[in-house]
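Below is one structure, written out as structure tokens, with a few remarks after it.
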Amino acid sequence: MSAQKKTQTKRKSTTNRKTGTARKSSSTRKKSSSKKVNIPVYKTIILCLSIIILCLVLLLITTLPKKSVSEPETYSITERFEEYPPKTEPEKLSSPEIQLEEKKPEIEKAKPESKPAPEPKKETPAKQTETKKQEEKKSEPAPQIKKSADKPKEKEKPAPANTFGFEKAKNKAQLIFVFDDGGQNLEHLKKFLELPFPITVAVLPQITHSQEAAQMVRKSGNELILHQPMQSVNPNINPGPGAITPNMSEEEIKQQLFTNINQIGPIAGMNNHEGSGITADIDKMEIILKATEQAGIYFLDSRTNVETKVPYVANGLGYTYYERNIFLDNEKTRANALSEIKKGLALANKNGSVIMIGHVWSADFLPALLKEIYPELISQGYTFSVVSKSNAQKR
């Protein structure tokens with residue numbers, strides 16, 4: 001019996017232990033479950049409160065400086081005047097007219113009272129005659145010497161200042177201006193024909209305004225020449241209608257030249273348009289120079305090729321010719337044209353004359369520049385001429 005009791009007591013103790021541990025575990029579970037529920041809520045409440053407090057602090061920081069501190073750097077002048085209007089008295093803002101009107105009564109008060117004019121004394125007949133004589137003397141006109149003295153002297157017109165820095169001409173050096181590519185634009189051509197000095201205009205043949213441009217040049221009294229198209233060294237460049245090309249025979253060249261001359265003639269001479277290939281060809285140039293001699297016109301070598309054979313052929317035939325010295329508008333700017341003109345003046349002073357070629361398509365600046373510099377060129381002693389009347393012939 002004692003052994004059974006012992007086993008029973010052991011079993012009870014173990015069961016009690018198990019139930020105790022079970023109860024403890026359940027209680028701990030309850031506590032842990034209650035903690036898991038309460039902690040997130042607490043944290044969220046704290047987080048919300050901290051966010052609200054932070055927003056309030058930021059609002060206070062942003063609003064308080066605007067009320068207390070002014071920031072002049074961020075305002076424009078008008079904003080400064082609008083936010084901080086100047087405190088001025090109304091009297092200072094009144095216009096000067098109002099101030100004068102307000103002061104008028106004081107000025108009027110200060111004026112002395114006008115006294116009645118004294119009655120005129122009765123004069124005797126002798127005194128009346130004397131007063132009449134005095135009045136007649138006063139009414140007499142002043143002598144002519146005084147009138148001439150009163151007239152202002154006419155001011156002499158000052159000579160134009162040397163604003164462009166042109167050197168003085170030596171022995172009345174001649175300036176010859178030639179303008180190529182006439183016949184393309186009549187409005188551009190008009191600007192050159194209005195220049196105050198004589199010019200030579202080279203008109204292209206067989207284009208839209210060839211004949212009309214030639215008539216305009218002749219009516220203006222300027223010199224007209226044929227701007228004869230010729231093939232350049234580059235065969236891909238088209239010189240235009242009525243051109244002389246390397247594959248043409250002597251008869252074809254002559255026929256082409258006389259066709260072009262008759263279209264825009266009468267003319268004084270001709271020069272080459274393009275033509276770097278033809279002017280370097282001795283045979284072709286011999287045909288051309290003989291044709292110009294036959295037509296009674298001169299040849300002006302535009303010198304589009306440094307290897308031109310015109311001087312060699314002309315010397316061999318005993319013909320005279322002309323050649324271009326300066327291109328004014330290879331670079332189409334006013335500064336460049338002015339620089340080239342100065343180079344031309346130096347050549348004119350050295351050789352007695354200079355031939356300068358420009359183009360009608362530079363009408364947007366070149367005629368205006370030439371009109372502007374013309375008075376100074378005259379004052380410096382330069383003279384102007386056309387090609388045929390110049391002393392620029394080459395032999």
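Residue numbering restarts at 1 for every chain of the structure tokens, chains are lettered A, B, ... in their displayed order, and ligands are numbered from 1 as they appear.
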Residue neighbourhood Met230 in chain A, 8 Å, only C-alpha atoms, exclusion window fewer than 3 positions, as a list in words: Pro239, Ala243, Ile244, Thr245, Asn272, His273, Glu274, Gly275, Ser276, Gly277 and Ile278 of chain A
Selection: 6 Å around range 363-371 of chain A, only C-alpha atoms, excl. self and same-chain fewer than 3 positions, as a count of residues only: 4
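Interatomic distance, CA of Ile253 in chain A against CA of Glu293 in chain A: 14.2 Å.
Relative to CA of Val201 in chain A, CA of Asn162 in chain A is found at 29.0 Å.
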For Phe197 in chain A: contacts at 9 Å, only C-alpha atoms, fewer than 3 positions along chain excluded, given as a PDB file with N, CA and C atoms, in the first residue's frame:
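Full text of out_2.pdb as output:
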ATOM      1  N   GLU A 194      23.002 105.738-110.415  1.00  0.00           N
ATOM      2  CA  GLU A 194      22.776 107.000-109.701  1.00  0.00           C
ATOM      3  C   GLU A 194      24.035 107.518-109.004  1.00  0.00           C
ATOM      4  N   TYR A 374      32.817 109.451-101.868  1.00  0.00           N
ATOM      5  CA  TYR A 374      33.079 110.280-103.049  1.00  0.00           C
ATOM      6  C   TYR A 374      33.573 111.695-102.696  1.00  0.00           C
ATOM      7  N   PHE A 384      37.892 110.712-111.794  1.00  0.00           N
ATOM      8  CA  PHE A 384      37.143 109.526-112.170  1.00  0.00           C
ATOM      9  C   PHE A 384      37.028 109.446-113.686  1.00  0.00           C
ATOM     10  N   SER A 385      37.069 108.221-114.201  1.00  0.00           N
ATOM     11  CA  SER A 385      36.995 108.038-115.649  1.00  0.00           C
ATOM     12  C   SER A 385      36.370 106.685-115.952  1.00  0.00           C
TER      13      SER A 385
END
Distance query Glu340 in chain A at most 8 Å, only C-alpha atoms, self and fewer than 6 positions along chain excluded, as a VMD selection string: chain A and resid 326 to 328
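By chain and then residue number, the residues within 12 Å of Gln294 in chain A are Lys254, Leu257, Phe258, Ile261, Gly269, Ile287, Ile288, Leu289, Lys290, Ala291, Ile297, Tyr298, Phe299 and Tyr319 of chain A, counting only C-alpha atoms and disregarding those fewer than 3 positions away in sequence.
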Nearby residues (only C-alpha atoms) at most 12 Å from Ile207 in chain A, same-chain spacing under 3 positions excluded, as a list in words: Asp181, Gly182, Gly183, Gln184, Asn185, Val203, Leu204, Ser210, Gln211, Glu212, Ala213, Ala214, His227, Pro229, Gly240, Pro241, Gly242, Ala243, Asn260, Gln263 and Ile264 of chain A
Resulting file, chosen residues, N, CA, C and O atoms, as an mmCIF file, in the first residue's frame:
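out-v6.cif was written with the following content:
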data_model
loop_
_atom_site.group_PDB
_atom_site.id
_atom_site.type_symbol
_atom_site.label_atom_id
_atom_site.label_comp_id
_atom_site.auth_asym_id
_atom_site.auth_seq_id
_atom_site.Cartn_x
_atom_site.Cartn_y
_atom_site.Cartn_z
ATOM 1 N N ASP A 181 27.993 91.910 -114.377
ATOM 2 C CA ASP A 181 26.751 91.150 -114.202
ATOM 3 C C ASP A 181 25.498 92.005 -114.349
ATOM 4 O O ASP A 181 24.465 91.727 -113.726
ATOM 5 N N GLY A 182 25.570 93.060 -115.175
ATOM 6 C CA GLY A 182 24.357 93.804 -115.513
ATOM 7 C C GLY A 182 23.402 92.926 -116.303
ATOM 8 O O GLY A 182 23.832 92.046 -117.045
ATOM 9 N N GLY A 183 22.096 93.191 -116.143
ATOM 10 C CA GLY A 183 21.081 92.415 -116.847
ATOM 11 C C GLY A 183 20.370 91.413 -115.970
ATOM 12 O O GLY A 183 19.372 90.827 -116.383
ATOM 13 N N GLN A 184 20.854 91.200 -114.778
ATOM 14 C CA GLN A 184 20.200 90.240 -113.881
ATOM 15 C C GLN A 184 19.099 90.891 -113.051
ATOM 16 O O GLN A 184 18.029 90.326 -112.882
ATOM 17 N N ASN A 185 19.351 92.089 -112.518
ATOM 18 C CA ASN A 185 18.378 92.767 -111.664
ATOM 19 C C ASN A 185 18.415 94.260 -111.966
ATOM 20 O O ASN A 185 19.419 94.932 -111.711
ATOM 21 N N VAL A 203 27.331 94.233 -119.234
ATOM 22 C CA VAL A 203 26.027 93.566 -119.271
ATOM 23 C C VAL A 203 26.171 92.174 -119.875
ATOM 24 O O VAL A 203 26.800 92.007 -120.933
ATOM 25 N N LEU A 204 25.586 91.193 -119.206
ATOM 26 C CA LEU A 204 25.581 89.810 -119.699
ATOM 27 C C LEU A 204 24.630 89.668 -120.891
ATOM 28 O O LEU A 204 23.565 90.293 -120.900
ATOM 29 N N SER A 210 18.811 91.657 -120.500
ATOM 30 C CA SER A 210 20.046 92.101 -121.163
ATOM 31 C C SER A 210 19.828 93.391 -121.945
ATOM 32 O O SER A 210 20.545 94.382 -121.741
ATOM 33 N N GLN A 211 18.861 93.412 -122.836
ATOM 34 C CA GLN A 211 18.650 94.586 -123.697
ATOM 35 C C GLN A 211 18.145 95.779 -122.895
ATOM 36 O O GLN A 211 18.573 96.920 -123.127
ATOM 37 N N GLU A 212 17.244 95.534 -121.948
ATOM 38 C CA GLU A 212 16.713 96.629 -121.131
ATOM 39 C C GLU A 212 17.819 97.247 -120.279
ATOM 40 O O GLU A 212 17.892 98.484 -120.125
ATOM 41 N N ALA A 213 18.671 96.414 -119.714
ATOM 42 C CA ALA A 213 19.792 96.931 -118.909
ATOM 43 C C ALA A 213 20.743 97.743 -119.767
ATOM 44 O O ALA A 213 21.238 98.799 -119.339
ATOM 45 N N ALA A 214 21.024 97.275 -120.992
ATOM 46 C CA ALA A 214 21.910 98.015 -121.896
ATOM 47 C C ALA A 214 21.336 99.392 -122.227
ATOM 48 O O ALA A 214 22.068 100.389 -122.260
ATOM 49 N N HIS A 227 29.670 91.825 -121.194
ATOM 50 C CA HIS A 227 30.260 90.932 -120.189
ATOM 51 C C HIS A 227 30.190 89.518 -120.770
ATOM 52 O O HIS A 227 29.240 88.772 -120.524
ATOM 53 N N PRO A 229 30.490 85.769 -121.451
ATOM 54 C CA PRO A 229 30.727 84.527 -120.701
ATOM 55 C C PRO A 229 31.760 83.646 -121.406
ATOM 56 O O PRO A 229 31.734 83.500 -122.625
ATOM 57 N N GLY A 240 26.973 80.361 -118.424
ATOM 58 C CA GLY A 240 25.738 81.015 -118.837
ATOM 59 C C GLY A 240 25.544 81.005 -120.343
ATOM 60 O O GLY A 240 26.410 80.542 -121.097
ATOM 61 N N PRO A 241 24.396 81.541 -120.806
ATOM 62 C CA PRO A 241 24.107 81.546 -122.245
ATOM 63 C C PRO A 241 25.052 82.455 -123.025
ATOM 64 O O PRO A 241 25.553 83.445 -122.496
ATOM 65 N N GLY A 242 25.289 82.099 -124.287
ATOM 66 C CA GLY A 242 26.162 82.906 -125.153
ATOM 67 C C GLY A 242 27.622 82.776 -124.821
ATOM 68 O O GLY A 242 28.413 83.680 -125.131
ATOM 69 N N ALA A 243 28.020 81.654 -124.200
ATOM 70 C CA ALA A 243 29.400 81.502 -123.732
ATOM 71 C C ALA A 243 30.323 80.959 -124.816
ATOM 72 O O ALA A 243 29.886 80.297 -125.761
ATOM 73 N N ASN A 260 26.307 88.335 -129.661
ATOM 74 C CA ASN A 260 26.174 89.007 -128.357
ATOM 75 C C ASN A 260 26.377 90.517 -128.478
ATOM 76 O O ASN A 260 25.669 91.304 -127.837
ATOM 77 N N GLN A 263 23.315 92.141 -129.924
ATOM 78 C CA GLN A 263 22.141 92.126 -129.043
ATOM 79 C C GLN A 263 22.125 93.320 -128.098
ATOM 80 O O GLN A 263 21.080 93.932 -127.889
ATOM 81 N N ILE A 264 23.267 93.648 -127.506
ATOM 82 C CA ILE A 264 23.270 94.734 -126.519
ATOM 83 C C ILE A 264 23.986 95.991 -127.029
ATOM 84 O O ILE A 264 24.035 96.984 -126.317
#
Set out as a tab-separated table a contact list for range 262-365 of chain A and range 163-180 of chain A with a cut-off of 9 Å, giving each residue of range 262-365 of chain A that qualifies its closest atom pair and distance in Å to one decimal, counting only C-alpha atoms, ordered by chain and rising residue number.
residue	atom	partner	partner_atom	distance
A:Asn271	CA	A:Asp180	CA	8.9
A:His273	CA	A:Asp180	CA	8.1
A:Leu338	CA	A:Phe164	CA	8.7
A:Lys342	CA	A:Phe166	CA	6.8
A:Gly344	CA	A:Leu175	CA	8.1
A:Leu345	CA	A:Glu167	CA	7.6
A:Ala346	CA	A:Glu167	CA	7.9
A:Ala348	CA	A:Ala173	CA	5.5
A:Asn349	CA	A:Lys170	CA	5.3
A:Lys350	CA	A:Lys170	CA	8.2
A:Asn351	CA	A:Ala173	CA	8.2
A:Gly352	CA	A:Ala173	CA	5.0
A:Ser353	CA	A:Gln174	CA	4.4
A:Val354	CA	A:Leu175	CA	5.5
A:Ile355	CA	A:Ile176	CA	4.8
A:Met356	CA	A:Phe177	CA	5.1
A:Ile357	CA	A:Val178	CA	4.7
A:Gly358	CA	A:Phe179	CA	4.8
A:His359	CA	A:Asp180	CA	4.7
A:Val360	CA	A:Phe179	CA	6.0
A:Trp361	CA	A:Asp180	CA	8.8
Could those residues be written to a file, using N, CA and C atoms, as a CSV table (one decimal), in the first residue's frame?
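Generated output (part-v6.csv):
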chain,number,residue,atom,x,y,z
A,271,ASN,N,34.6,92.5,-121.6
A,271,ASN,CA,35.4,91.8,-120.6
A,271,ASN,C,34.9,90.4,-120.4
A,273,HIS,N,33.5,87.1,-118.5
A,273,HIS,CA,32.7,86.6,-117.3
A,273,HIS,C,33.2,85.2,-117.1
A,338,LEU,N,36.0,98.7,-98.5
A,338,LEU,CA,36.8,99.9,-98.2
A,338,LEU,C,38.3,99.6,-98.2
A,342,LYS,N,41.2,101.3,-100.7
A,342,LYS,CA,42.5,101.9,-100.3
A,342,LYS,C,43.7,101.3,-101.0
A,344,GLY,N,43.5,100.1,-104.0
A,344,GLY,CA,43.4,100.7,-105.3
A,344,GLY,C,43.9,102.1,-105.4
A,345,LEU,N,43.7,102.9,-104.3
A,345,LEU,CA,44.3,104.3,-104.3
A,345,LEU,C,45.8,104.3,-104.4
A,346,ALA,N,46.4,103.3,-103.6
A,346,ALA,CA,47.8,103.2,-103.7
A,346,ALA,C,48.3,102.8,-105.0
A,348,ALA,N,46.8,103.5,-107.9
A,348,ALA,CA,46.5,104.7,-108.7
A,348,ALA,C,47.6,105.7,-108.6
A,349,ASN,N,48.1,105.9,-107.4
A,349,ASN,CA,49.2,106.9,-107.1
A,349,ASN,C,50.5,106.4,-107.7
A,350,LYS,N,50.6,105.1,-107.7
A,350,LYS,CA,51.9,104.5,-108.3
A,350,LYS,C,51.9,104.5,-109.8
A,351,ASN,N,50.7,104.1,-110.4
A,351,ASN,CA,50.7,103.8,-111.8
A,351,ASN,C,50.0,104.9,-112.6
A,352,GLY,N,49.3,105.8,-111.9
A,352,GLY,CA,48.5,106.9,-112.6
A,352,GLY,C,47.1,106.6,-112.7
A,353,SER,N,46.7,105.3,-112.6
A,353,SER,CA,45.3,104.9,-112.7
A,353,SER,C,45.1,103.5,-112.1
A,354,VAL,N,43.8,103.2,-111.8
A,354,VAL,CA,43.5,101.8,-111.3
A,354,VAL,C,42.1,101.5,-111.8
A,355,ILE,N,42.0,100.2,-112.2
A,355,ILE,CA,40.6,99.7,-112.6
A,355,ILE,C,40.2,98.7,-111.5
A,356,MET,N,39.0,99.1,-110.9
A,356,MET,CA,38.4,98.3,-109.8
A,356,MET,C,37.1,97.8,-110.3
A,357,ILE,N,36.9,96.4,-110.1
A,357,ILE,CA,35.7,95.8,-110.6
A,357,ILE,C,34.9,95.4,-109.4
A,358,GLY,N,33.6,95.7,-109.4
A,358,GLY,CA,32.6,95.3,-108.5
A,358,GLY,C,31.5,94.6,-109.2
A,359,HIS,N,30.4,94.2,-108.5
A,359,HIS,CA,29.3,93.5,-109.1
A,359,HIS,C,28.0,94.1,-108.8
A,360,VAL,N,27.0,94.0,-109.7
A,360,VAL,CA,25.7,94.6,-109.5
A,360,VAL,C,25.0,94.0,-108.3
A,361,TRP,N,25.3,92.7,-108.1
A,361,TRP,CA,24.6,92.1,-106.9
A,361,TRP,C,25.1,92.6,-105.6
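Relative to CA of Lys389 in chain A, CA of Thr308 in chain A is found at 24.2 Å.
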Exercise: Val306 in chain A partners within 12 Å, only C-alpha atoms, chain neighbours under 3 positions left out, as a list in words: Val233, Gly275, Ser276, Gly277, Thr279, Ala280, Asp301, Ser302, Arg303, Lys309, Val310, Pro311, Glu323, Arg324 and Asn325 of chain A
